[in-house]
>>> print(open('protein-v1.pdb').read())   # PDB, C-alpha atoms
MODEL        1
ATOM      1  CA  MET D   1       0.000   0.000   0.000
ATOM      2  CA  THR D   2       1.489   3.373  -1.015
ATOM      3  CA  ASN D   3       1.923   6.371   1.238
ATOM      4  CA  GLY D   4      -0.554   8.239  -0.958
ATOM      5  CA  THR D   5      -3.206   5.585  -0.362
ATOM      6  CA  VAL D   6      -2.585   5.654   3.396
ATOM      7  CA  THR D   7      -2.838   9.446   3.406
ATOM      8  CA  THR D   8      -6.087   9.376   1.447
ATOM      9  CA  GLU D   9      -7.579   6.770   3.766
ATOM     10  CA  LEU D  10      -6.524   8.753   6.832
ATOM     11  CA  ASP D  11      -7.973  11.967   5.405
ATOM     12  CA  SER D  12     -11.245  10.149   4.734
ATOM     13  CA  ALA D  13     -11.305   8.548   8.195
ATOM     14  CA  LEU D  14     -10.761  11.917   9.875
ATOM     15  CA  GLU D  15     -13.129  13.862   7.647
ATOM     16  CA  LYS D  16     -16.140  11.635   8.351
ATOM     17  CA  HIS D  17     -16.042  12.862  11.967
ATOM     18  CA  ARG D  18     -16.202  16.550  10.986
ATOM     19  CA  PRO D  19     -19.995  17.124  11.458
ATOM     20  CA  GLU D  20     -20.190  15.632  14.942
ATOM     21  CA  LEU D  21     -16.963  17.346  16.004
ATOM     22  CA  THR D  22     -18.328  20.642  14.686
ATOM     23  CA  GLY D  23     -21.474  20.120  16.757
ATOM     24  CA  TYR D  24     -19.378  19.407  19.844
ATOM     25  CA  CYS D  25     -17.098  22.423  19.363
ATOM     26  CA  TYR D  26     -20.085  24.660  18.608
ATOM     27  CA  ARG D  27     -21.753  23.671  21.877
ATOM     28  CA  MET D  28     -18.469  24.294  23.687
ATOM     29  CA  LEU D  29     -17.675  27.669  22.082
ATOM     30  CA  GLY D  30     -21.049  29.189  21.124
ATOM     31  CA  SER D  31     -19.544  30.451  17.857
ATOM     32  CA  SER D  32     -20.094  29.022  14.387
ATOM     33  CA  PHE D  33     -16.792  30.208  13.007
ATOM     34  CA  GLU D  34     -14.715  29.416  16.075
ATOM     35  CA  ALA D  35     -16.210  25.918  16.048
ATOM     36  CA  GLU D  36     -15.154  25.356  12.465
ATOM     37  CA  ASP D  37     -11.675  26.716  13.241
ATOM     38  CA  ALA D  38     -11.441  24.387  16.255
ATOM     39  CA  VAL D  39     -12.411  21.357  14.188
ATOM     40  CA  GLN D  40      -9.902  22.217  11.492
ATOM     41  CA  ASP D  41      -7.202  22.579  14.152
ATOM     42  CA  THR D  42      -8.285  19.231  15.652
ATOM     43  CA  LEU D  43      -8.051  17.397  12.339
ATOM     44  CA  VAL D  44      -4.678  18.962  11.504
ATOM     45  CA  ARG D  45      -3.286  17.971  14.923
ATOM     46  CA  ALA D  46      -4.668  14.451  14.494
ATOM     47  CA  TRP D  47      -3.151  14.118  11.018
ATOM     48  CA  ARG D  48       0.250  15.328  12.190
ATOM     49  CA  SER D  49       0.377  13.094  15.270
ATOM     50  CA  TYR D  50      -1.376  10.034  13.862
ATOM     51  CA  ASP D  51       1.842   8.005  14.034
ATOM     52  CA  LYS D  52       1.648   8.417  17.838
ATOM     53  CA  PHE D  53      -1.933   7.146  17.999
ATOM     54  CA  GLU D  54      -1.564   3.700  19.497
ATOM     55  CA  GLY D  55      -5.180   2.563  19.205
ATOM     56  CA  ARG D  56      -5.735   2.272  22.953
ATOM     57  CA  SER D  57      -8.992   4.176  22.369
ATOM     58  CA  SER D  58     -11.128   4.496  19.274
ATOM     59  CA  LEU D  59     -10.212   7.079  16.655
ATOM     60  CA  ARG D  60     -13.425   8.909  17.553
ATOM     61  CA  SER D  61     -12.528   9.119  21.252
ATOM     62  CA  TRP D  62      -9.028  10.299  20.374
ATOM     63  CA  LEU D  63     -10.427  13.056  18.153
ATOM     64  CA  TYR D  64     -12.795  14.182  20.901
ATOM     65  CA  ARG D  65      -9.856  14.381  23.311
ATOM     66  CA  ILE D  66      -7.963  16.609  20.879
ATOM     67  CA  ALA D  67     -11.067  18.719  20.190
ATOM     68  CA  THR D  68     -11.715  19.165  23.908
ATOM     69  CA  ASN D  69      -8.181  20.399  24.482
ATOM     70  CA  VAL D  70      -8.466  22.797  21.540
ATOM     71  CA  CYS D  71     -11.731  24.200  22.896
ATOM     72  CA  LEU D  72     -10.451  24.500  26.465
ATOM     73  CA  ASP D  73      -7.443  26.424  25.159
ATOM     74  CA  MET D  74      -9.745  28.742  23.198
ATOM     75  CA  LEU D  75     -11.923  29.291  26.275
ATOM     76  CA  SER D  76      -9.021  30.100  28.579
ATOM     77  CA  ALA D  77      -9.584  33.840  28.046
ATOM     78  CA  GLY D  78     -12.885  33.441  29.890
ATOM     79  CA  ASN D  79     -15.189  34.978  27.270
ATOM     80  CA  LYS D  80     -18.806  33.809  27.557
ATOM     81  CA  ARG D  81     -20.979  34.282  24.512
ATOM     82  CA  ALA D  82     -24.501  35.432  25.256
ATOM     83  CA  ARG D  83     -27.851  36.602  23.953
ATOM     84  CA  PRO D  84     -28.936  40.230  24.470
ATOM     85  CA  MET D  85     -31.342  39.198  27.248
ATOM     86  CA  ASP D  86     -28.443  37.617  29.138
ATOM     87  CA  LEU D  87     -26.668  40.990  29.343
ATOM     88  CA  THR D  88     -29.257  43.743  29.786
ATOM     89  CA  GLU D  89     -32.858  44.384  30.734
ATOM     90  CA  SER D  90     -35.416  44.728  27.954
ATOM     91  CA  THR D  91     -35.731  48.205  26.484
ATOM     92  CA  PRO D  92     -39.091  50.000  26.174
ATOM     93  CA  LEU D  93     -39.746  50.958  22.568
ATOM     94  CA  ALA D  94     -39.679  54.672  23.432
ATOM     95  CA  GLN D  95     -36.046  54.285  24.578
ATOM     96  CA  ALA D  96     -34.899  51.921  21.824
ATOM     97  CA  ALA D  97     -31.402  52.624  20.534
ATOM     98  CA  LEU D  98     -29.233  50.440  18.304
ATOM     99  CA  SER D  99     -25.921  50.054  20.150
ATOM    100  CA  PRO D 100     -23.637  47.344  18.729
ATOM    101  CA  ARG D 101     -21.252  45.207  20.765
ATOM    102  CA  PRO D 102     -18.215  43.326  19.396
ATOM    103  CA  ASP D 103     -18.801  40.066  17.505
ATOM    104  CA  HIS D 104     -17.190  37.963  20.237
ATOM    105  CA  THR D 105     -19.985  39.021  22.633
ATOM    106  CA  TRP D 106     -22.730  37.069  20.907
ATOM    107  CA  LEU D 107     -23.961  33.534  20.725
ATOM    108  CA  GLU D 108     -23.975  32.786  16.994
ATOM    109  CA  PRO D 109     -26.447  30.851  14.832
ATOM    110  CA  MET D 110     -25.460  27.631  13.078
ATOM    111  CA  PRO D 111     -26.988  25.765  10.102
ATOM    112  CA  ASP D 112     -28.395  22.414  11.169
ATOM    113  CA  ALA D 113     -26.600  20.610   8.344
ATOM    114  CA  ARG D 114     -23.182  21.537   9.739
ATOM    115  CA  VAL D 115     -23.723  20.193  13.256
ATOM    116  CA  LEU D 116     -26.515  17.618  13.335
ATOM    117  CA  PRO D 117     -25.492  14.017  12.627
ATOM    118  CA  GLN D 118     -27.234  11.857  10.069
ATOM    119  CA  THR D 119     -29.058   9.282  12.180
ATOM    120  CA  ALA D 120     -31.989   6.933  11.767
ATOM    121  CA  ASP D 121     -32.711   7.073  15.515
ATOM    122  CA  PRO D 122     -35.496   9.654  16.140
ATOM    123  CA  ALA D 123     -34.601   9.948  19.844
ATOM    124  CA  GLU D 124     -30.941  10.641  19.056
ATOM    125  CA  ALA D 125     -31.937  13.195  16.415
ATOM    126  CA  ALA D 126     -34.271  14.944  18.873
ATOM    127  CA  VAL D 127     -31.568  15.217  21.552
ATOM    128  CA  ALA D 128     -29.106  16.588  18.997
ATOM    129  CA  LYS D 129     -31.584  19.280  17.889
ATOM    130  CA  GLU D 130     -32.561  20.245  21.415
ATOM    131  CA  SER D 131     -28.906  20.601  22.382
ATOM    132  CA  VAL D 132     -28.178  23.302  19.773
ATOM    133  CA  ARG D 133     -31.271  25.416  20.418
ATOM    134  CA  LEU D 134     -30.507  28.976  21.397
ATOM    135  CA  ALA D 135     -31.769  28.835  24.999
ATOM    136  CA  PHE D 136     -29.815  25.651  25.769
ATOM    137  CA  MET D 137     -26.713  26.997  24.033
ATOM    138  CA  ALA D 138     -26.938  30.223  26.064
ATOM    139  CA  ALA D 139     -27.203  28.216  29.280
ATOM    140  CA  LEU D 140     -24.183  26.122  28.315
ATOM    141  CA  GLN D 141     -22.086  29.256  27.914
ATOM    142  CA  GLN D 142     -22.616  30.075  31.598
ATOM    143  CA  LEU D 143     -20.885  26.870  32.713
ATOM    144  CA  PRO D 144     -17.145  26.722  33.445
ATOM    145  CA  PRO D 145     -15.442  25.120  30.425
ATOM    146  CA  LYS D 146     -14.743  21.705  31.966
ATOM    147  CA  GLN D 147     -18.278  21.452  33.375
ATOM    148  CA  ARG D 148     -19.519  22.364  29.900
ATOM    149  CA  ALA D 149     -17.483  19.534  28.362
ATOM    150  CA  VAL D 150     -18.716  17.036  30.955
ATOM    151  CA  LEU D 151     -22.366  17.980  30.453
ATOM    152  CA  ILE D 152     -22.137  17.780  26.657
ATOM    153  CA  LEU D 153     -20.288  14.461  26.663
ATOM    154  CA  ARG D 154     -22.541  12.852  29.288
ATOM    155  CA  GLU D 155     -25.985  14.331  28.551
ATOM    156  CA  VAL D 156     -25.870  15.051  24.820
ATOM    157  CA  LEU D 157     -23.439  12.446  23.476
ATOM    158  CA  ALA D 158     -24.283   9.787  26.101
ATOM    159  CA  TRP D 159     -20.689   8.921  26.999
ATOM    160  CA  ARG D 160     -20.129   6.862  30.131
ATOM    161  CA  ALA D 161     -18.609   8.624  33.146
ATOM    162  CA  SER D 162     -15.538   6.419  32.866
ATOM    163  CA  GLU D 163     -15.051   7.448  29.213
ATOM    164  CA  VAL D 164     -15.326  11.149  30.095
ATOM    165  CA  ALA D 165     -12.914  10.701  33.006
ATOM    166  CA  GLU D 166     -10.362   9.098  30.696
ATOM    167  CA  LEU D 167     -10.781  11.846  28.098
ATOM    168  CA  LEU D 168     -10.310  14.613  30.685
ATOM    169  CA  GLY D 169      -7.615  12.804  32.642
ATOM    170  CA  THR D 170      -9.606  12.876  35.857
ATOM    171  CA  SER D 171     -11.639  10.558  38.101
ATOM    172  CA  VAL D 172     -15.174   9.246  37.700
ATOM    173  CA  ALA D 173     -16.080  10.925  40.996
ATOM    174  CA  SER D 174     -14.840  14.264  39.636
ATOM    175  CA  VAL D 175     -16.865  13.808  36.440
ATOM    176  CA  ASN D 176     -20.017  12.971  38.394
ATOM    177  CA  SER D 177     -19.511  15.990  40.653
ATOM    178  CA  ALA D 178     -19.010  18.305  37.665
ATOM    179  CA  LEU D 179     -22.129  16.920  36.010
ATOM    180  CA  GLN D 180     -24.186  17.496  39.172
ATOM    181  CA  ARG D 181     -23.009  21.117  39.414
ATOM    182  CA  ALA D 182     -23.667  21.706  35.715
ATOM    183  CA  ARG D 183     -27.196  20.318  35.995
ATOM    184  CA  ALA D 184     -27.877  22.565  38.995
ATOM    185  CA  THR D 185     -26.738  25.654  37.083
ATOM    186  CA  LEU D 186     -28.930  24.795  34.105
ATOM    187  CA  ALA D 187     -31.906  24.195  36.392
ATOM    188  CA  GLU D 188     -31.447  27.672  37.911
ATOM    189  CA  ARG D 189     -31.561  29.195  34.418
ATOM    190  CA  ALA D 190     -34.604  27.230  33.273
ATOM    191  CA  ASP D 191     -36.967  30.141  33.905
ATOM    192  CA  ARG D 192     -34.903  32.725  31.995
ATOM    193  CA  GLY D 193     -36.885  32.794  28.782
ATOM    194  CA  ALA D 194     -39.003  29.951  27.507
ATOM    195  CA  ASP D 195     -37.244  27.324  25.444
ATOM    196  CA  ALA D 196     -38.816  26.273  22.186
ATOM    197  CA  ALA D 197     -41.225  23.355  22.040
ATOM    198  CA  VAL D 198     -40.732  22.281  18.439
ATOM    199  CA  SER D 199     -41.714  18.929  16.988
ATOM    200  CA  ASP D 200     -39.308  17.015  14.779
ATOM    201  CA  PRO D 201     -40.488  17.153  12.082
ATOM    202  CA  LEU D 202     -42.792  20.117  12.571
ATOM    203  CA  ASP D 203     -46.377  19.096  13.164
ATOM    204  CA  GLU D 204     -49.260  20.440  11.072
ATOM    205  CA  GLU D 205     -50.087  23.205  13.547
ATOM    206  CA  GLN D 206     -46.485  24.427  13.586
ATOM    207  CA  GLN D 207     -46.264  24.348   9.790
ATOM    208  CA  LYS D 208     -49.422  26.441   9.551
ATOM    209  CA  LEU D 209     -48.041  28.874  12.130
ATOM    210  CA  LEU D 210     -44.930  29.388   9.991
ATOM    211  CA  GLU D 211     -47.030  29.864   6.849
ATOM    212  CA  ARG D 212     -49.077  32.519   8.650
ATOM    213  CA  TYR D 213     -45.873  34.129   9.904
ATOM    214  CA  VAL D 214     -44.403  34.373   6.390
ATOM    215  CA  ALA D 215     -47.632  35.871   5.058
ATOM    216  CA  ALA D 216     -47.818  38.389   7.924
ATOM    217  CA  PHE D 217     -44.149  39.399   7.702
ATOM    218  CA  GLU D 218     -43.959  39.679   3.920
ATOM    219  CA  GLY D 219     -47.248  41.579   3.933
ATOM    220  CA  TYR D 220     -46.001  43.645   6.907
ATOM    221  CA  ASP D 221     -49.397  43.067   8.492
ATOM    222  CA  MET D 222     -48.849  43.977  12.133
ATOM    223  CA  THR D 223     -52.343  42.916  13.181
ATOM    224  CA  ALA D 224     -51.761  39.435  11.788
ATOM    225  CA  LEU D 225     -48.254  39.306  13.272
ATOM    226  CA  THR D 226     -49.514  40.339  16.715
ATOM    227  CA  ALA D 227     -51.934  37.408  16.655
ATOM    228  CA  LEU D 228     -48.974  35.022  16.166
ATOM    229  CA  LEU D 229     -46.778  36.404  18.965
ATOM    230  CA  HIS D 230     -46.917  35.084  22.517
ATOM    231  CA  GLU D 231     -47.625  37.769  25.109
ATOM    232  CA  ASP D 232     -44.089  37.223  26.464
ATOM    233  CA  ALA D 233     -42.408  37.075  23.039
ATOM    234  CA  VAL D 234     -38.943  38.603  22.743
ATOM    235  CA  MET D 235     -37.085  40.075  19.769
ATOM    236  CA  THR D 236     -33.290  40.310  19.577
ATOM    237  CA  MET D 237     -30.983  41.760  16.931
ATOM    238  CA  PRO D 238     -27.293  40.946  17.474
ATOM    239  CA  PRO D 239     -24.843  42.702  17.139
ATOM    240  CA  PHE D 240     -27.119  45.278  18.831
ATOM    241  CA  ASP D 241     -27.706  44.753  22.540
ATOM    242  CA  LEU D 242     -31.282  46.031  22.290
ATOM    243  CA  TRP D 243     -34.009  43.496  22.940
ATOM    244  CA  LEU D 244     -37.739  44.016  23.050
ATOM    245  CA  ALA D 245     -40.448  42.192  24.977
ATOM    246  CA  GLY D 246     -44.115  41.840  24.095
ATOM    247  CA  PRO D 247     -46.057  42.127  20.812
ATOM    248  CA  ALA D 248     -46.723  45.869  21.153
ATOM    249  CA  ASP D 249     -43.061  46.860  21.365
ATOM    250  CA  ILE D 250     -41.990  44.309  18.733
ATOM    251  CA  THR D 251     -44.514  45.433  16.125
ATOM    252  CA  GLY D 252     -44.013  49.057  17.161
ATOM    253  CA  PHE D 253     -40.310  48.726  16.412
ATOM    254  CA  MET D 254     -41.022  47.114  13.058
ATOM    255  CA  THR D 255     -43.195  50.045  11.954
ATOM    256  CA  THR D 256     -40.760  52.736  13.180
ATOM    257  CA  LEU D 257     -37.025  51.968  13.289
ATOM    258  CA  GLY D 258     -37.607  48.808  11.257
ATOM    259  CA  ALA D 259     -39.988  50.293   8.697
ATOM    260  CA  ALA D 260     -37.534  49.759   5.813
ATOM    261  CA  CYS D 261     -38.246  46.010   6.085
ATOM    262  CA  ALA D 262     -41.742  46.429   4.659
ATOM    263  CA  GLY D 263     -42.048  44.429   1.451
ATOM    264  CA  SER D 264     -39.323  41.950   2.449
ATOM    265  CA  ARG D 265     -38.993  38.336   1.335
ATOM    266  CA  LEU D 266     -38.264  35.313   3.510
ATOM    267  CA  VAL D 267     -36.459  32.132   2.414
ATOM    268  CA  ARG D 268     -36.727  29.087   4.681
ATOM    269  CA  VAL D 269     -33.540  27.691   6.256
ATOM    270  CA  GLU D 270     -32.803  25.436   9.252
ATOM    271  CA  ALA D 271     -30.757  26.756  12.159
ATOM    272  CA  ASN D 272     -30.150  25.616  15.730
ATOM    273  CA  GLY D 273     -32.759  22.885  15.497
ATOM    274  CA  LEU D 274     -35.390  25.582  14.991
ATOM    275  CA  PRO D 275     -37.401  27.093  12.134
ATOM    276  CA  ALA D 276     -35.441  29.906  10.532
ATOM    277  CA  PHE D 277     -35.553  32.252   7.563
ATOM    278  CA  ALA D 278     -33.146  34.266   5.480
ATOM    279  CA  HIS D 279     -34.591  37.774   5.443
ATOM    280  CA  TYR D 280     -34.079  39.885   2.324
ATOM    281  CA  LYS D 281     -35.354  43.465   2.366
ATOM    282  CA  PRO D 282     -36.089  45.667  -0.668
ATOM    283  CA  ASP D 283     -33.067  47.355  -2.204
ATOM    284  CA  PRO D 284     -34.331  50.771  -3.391
ATOM    285  CA  GLU D 285     -31.086  51.609  -5.189
ATOM    286  CA  ALA D 286     -30.220  48.413  -7.072
ATOM    287  CA  GLY D 287     -33.683  46.867  -7.196
ATOM    288  CA  GLY D 288     -34.469  43.356  -6.048
ATOM    289  CA  PHE D 289     -33.767  42.344  -2.476
ATOM    290  CA  ALA D 290     -30.635  42.673  -0.312
ATOM    291  CA  PRO D 291     -29.765  40.368   2.606
ATOM    292  CA  TRP D 292     -30.718  41.741   5.979
ATOM    293  CA  ALA D 293     -30.829  38.986   8.618
ATOM    294  CA  VAL D 294     -31.031  35.341   9.495
ATOM    295  CA  GLN D 295     -34.165  35.013  11.607
ATOM    296  CA  VAL D 296     -34.368  32.144  14.095
ATOM    297  CA  LEU D 297     -37.807  31.538  15.604
ATOM    298  CA  GLU D 298     -38.721  29.913  18.901
ATOM    299  CA  ILE D 299     -42.304  28.663  19.049
ATOM    300  CA  SER D 300     -44.330  27.171  21.856
ATOM    301  CA  ASP D 301     -48.030  26.479  22.452
ATOM    302  CA  GLY D 302     -48.983  27.630  18.973
ATOM    303  CA  ARG D 303     -47.305  31.034  19.244
ATOM    304  CA  ILE D 304     -43.930  32.610  18.465
ATOM    305  CA  THR D 305     -42.013  33.145  21.707
ATOM    306  CA  GLY D 306     -38.658  34.223  20.292
ATOM    307  CA  PHE D 307     -37.821  36.247  17.189
ATOM    308  CA  HIS D 308     -34.030  36.429  16.873
ATOM    309  CA  CYS D 309     -32.504  38.388  13.999
ATOM    310  CA  PHE D 310     -28.787  37.947  13.312
ATOM    311  CA  LEU D 311     -27.835  40.940  11.202
ATOM    312  CA  ASP D 312     -24.238  40.344  10.097
ATOM    313  CA  THR D 313     -25.278  39.028   6.702
ATOM    314  CA  LYS D 314     -21.774  39.126   5.164
ATOM    315  CA  ARG D 315     -20.900  36.343   7.614
ATOM    316  CA  TRP D 316     -24.187  34.482   7.976
ATOM    317  CA  PHE D 317     -25.460  34.204   4.416
ATOM    318  CA  PRO D 318     -22.342  32.433   3.042
ATOM    319  CA  LEU D 319     -22.395  30.131   6.092
ATOM    320  CA  PHE D 320     -25.942  29.110   5.158
ATOM    321  CA  ASP D 321     -25.053  28.878   1.427
ATOM    322  CA  LEU D 322     -27.468  31.709   0.666
ATOM    323  CA  PRO D 323     -27.227  34.170  -2.253
ATOM    324  CA  LEU D 324     -26.255  37.725  -1.359
ATOM    325  CA  ARG D 325     -29.248  39.139  -3.186
ATOM    326  CA  LEU D 326     -32.574  38.127  -4.696
ATOM    327  CA  GLU D 327     -33.603  39.560  -8.012
ATOM    328  CA  ALA D 328     -37.078  41.003  -8.306
ATOM    329  CA  GLU D 329     -38.283  38.157 -10.514
ATOM    330  CA  ALA D 330     -37.235  35.670  -7.836
ATOM    331  CA  ASP D 331     -39.435  37.183  -5.160
ATOM    332  CA  GLU D 332     -41.614  34.093  -4.960
ATOM    333  CA  VAL D 333     -38.717  31.939  -3.654
ATOM    334  CA  GLN D 334     -39.545  30.386  -0.289
TER
ENDMDL
END
>>> encode(input="protein-v1.pdb", output="structure tokens")
Amino acid sequence: MTNGTVTTELDSALEKHRPELTGYCYRMLGSSFEAEDAVQDTLVRAWRSYDKFEGRSSLRSWLYRIATNVCLDMLSAGNKRARPMDLTESTPLAQAALSPRPDHTWLEPMPDARVLPQTADPAEAAVAKESVRLAFMAALQQLPPKQRAVLILREVLAWRASEVAELLGTSVASVNSALQRARATLAERADRGADAAVSDPLDEEQQKLLERYVAAFEGYDMTALTALLHEDAVMTMPPFDLWLAGPADITGFMTTLGAACAGSRLVRVEANGLPAFAHYKPDPEAGGFAPWAVQVLEISDGRITGFHCFLDTKRWFPLFDLPLRLEAEADEVQ
């Protein structure tokens, strides 16, 4: 067997782990782009040191050990990514101001296809989706890095305590203690904003809710949109730290500071295990529609509870493989 064949086989063996490693690093770091950088670093380190891999663990376990070390190194600066509601109180519409914070402040969205494994097990698929939803991701970011790793490996990936202890170079008792503390922290945060209750796949009621949402938003019909919003619905717009609570302030913002979005078009995407849309708004200068946001929706009990708009389209639209404009004749794309 030639060296070229061995190299090709190794590349293939490493590459097949990329999606699940990306999901793991994304949960650890809260950043789409940092996660992809971490995975690339992991695979490069594995490739370079493969001759030292003695097979005492599986290749998968070895890669997770490398990825964990990469992530822990990246988290050593102590930055915790967050949502606007994790940092400030909600702002009344009358005081609304668009104040940006640096990119590294924010929890970032992620396309499902990049982090969710292909599996025939519905229960496994459901856990994977739930574990990348925005509320759960935000809670994860509040955990110390090693507790975060333990919780993800034990609760999301279903590793045994002994496997996690070996990966982290610690004891089973230490792993169990870290898991208990992590669970307690997440339980304390459970009331900070309702998590989404989304079926997989979406049930008929949820599909109809999304259809009504698209019609209301594209028609900029605030009466129809109000009927779809939960009374405690929140709207966020990273990189701005402003967030709004309640249908009146949300729709009031959309008809004042957000009035330029009237006549927009929405294209369905999948992000963070939740329904999402690419939002294109009218381009009065060039015609057609220009990218404006990736919207991620949280829905529960037949209403929209979270309306999260990620505005850095130069980063997000390529990540989601979306075009950077829609021509006027393509305005029926959905």
>>> residues_around(input="protein-v1.pdb", residues="Asn79 in chain D", least_positions_apart="3", cutoff="12 Å", atoms="only C-alpha atoms", output="PyMOL selection string")
chain D and resi 28-31+72-76+82+102-107+141-145
>>> residues_around(input="protein-v1.pdb", residues="Leu242 in chain D", least_positions_apart="6", cutoff="8 Å", atoms="only C-alpha atoms", output="ChimeraX atom specification")
/D:84,90-91,96-99,236
>>> resolve_selection(input="protein-v1.pdb", expression="the PyMOL selection byres ((chain D and resi 112) around 12)", output="PyMOL selection string")
chain D and resi 19-20+22-23+26+32+109-111+113-118+125+128-133+269-276+296+319-320
>>> closest_residue(input="protein-v1.pdb", among="D:Ile304, D:Cys25, D:Leu179, D:Leu202", to="Leu229 in chain D", atoms="all atoms listed in the file")
D:Ile304
>>> atom_distance(input="protein-v1.pdb", atom1="CA of Ala187 in chain D", atom2="CA of Val150 in chain D")
16.0 Å
>>> resolve_selection(input="protein-v1.pdb", expression="the PyMOL selection byres ((chain D and resi 224) around 12)", output="list in words")
Leu209, Glu211, Arg212, Tyr213, Val214, Ala215, Ala216, Phe217, Glu218, Gly219, Tyr220, Asp221, Met222, Thr223, Leu225, Thr226, Ala227, Leu228, Leu229, Pro247 and Thr251 of chain D
>>> closest_residue(input="protein-v1.pdb", among="D:Glu15, D:Asp41, D:Glu124, D:Glu285", to="Thr68 in chain D", atoms="only C-alpha atoms")
D:Asp41
>>> atom_distance(input="protein-v1.pdb", atom1="CA of Ala233 in chain D", atom2="CA of Glu205 in chain D")
18.5 Å
>>> atom_distance(input="protein-v1.pdb", atom1="CA of Met85 in chain D", atom2="CA of Pro201 in chain D")
28.3 Å
>>> residues_around(input="protein-v1.pdb", residues="Cys261 in chain D", least_positions_apart="4", cutoff="8 Å", atoms="all atoms listed in the file", output="ChimeraX atom specification")
/D:254,281-282
>>> axis_aligned_box(input="protein-v1.pdb", around="range 63-71 of chain D", padding_each_side="4 Å", output="lines of an AutoDock Vina configuration file")
center_x = -10.4
center_y = 18.6
center_z = 21.3
size_x = 12.8
size_y = 19.1
size_z = 14.3
>>> closest_residue(input="protein-v1.pdb", among="D:Leu157, D:Ala77, D:Leu59, D:Ala46", to="Tyr24 in chain D", atoms="all atoms listed in the file")
D:Leu157
>>> residues_around(input="protein-v1.pdb", residues="Ser57 in chain D", least_positions_apart="5", cutoff="12 Å", atoms="all atoms listed in the file", output="ChimeraX atom specification")
/D:62-65,163,166-167
>>> closest_residue(input="protein-v1.pdb", among="D:Ile152, D:Met235, D:Val267, D:Ala182", to="Asp249 in chain D", atoms="only C-alpha atoms")
D:Met235
>>> residues_around(input="protein-v1.pdb", residues="Asp232 in chain D", least_positions_apart="3", cutoff="7 Å", atoms="only C-alpha atoms", output="PDB file with C-alpha atoms, in the coordinates of the input")
ATOM      1  CA  ALA D 245     -40.448  42.192  24.977  1.00  0.00           C
ATOM      2  CA  GLY D 246     -44.115  41.840  24.095  1.00  0.00           C
ATOM      3  CA  THR D 305     -42.013  33.145  21.707  1.00  0.00           C
TER       4      THR D 305
END
>>> closest_residue(input="protein-v1.pdb", among="D:Asp37, D:Asn176, D:Leu153, D:Arg183", to="Ser61 in chain D", atoms="all atoms listed in the file")
D:Leu153
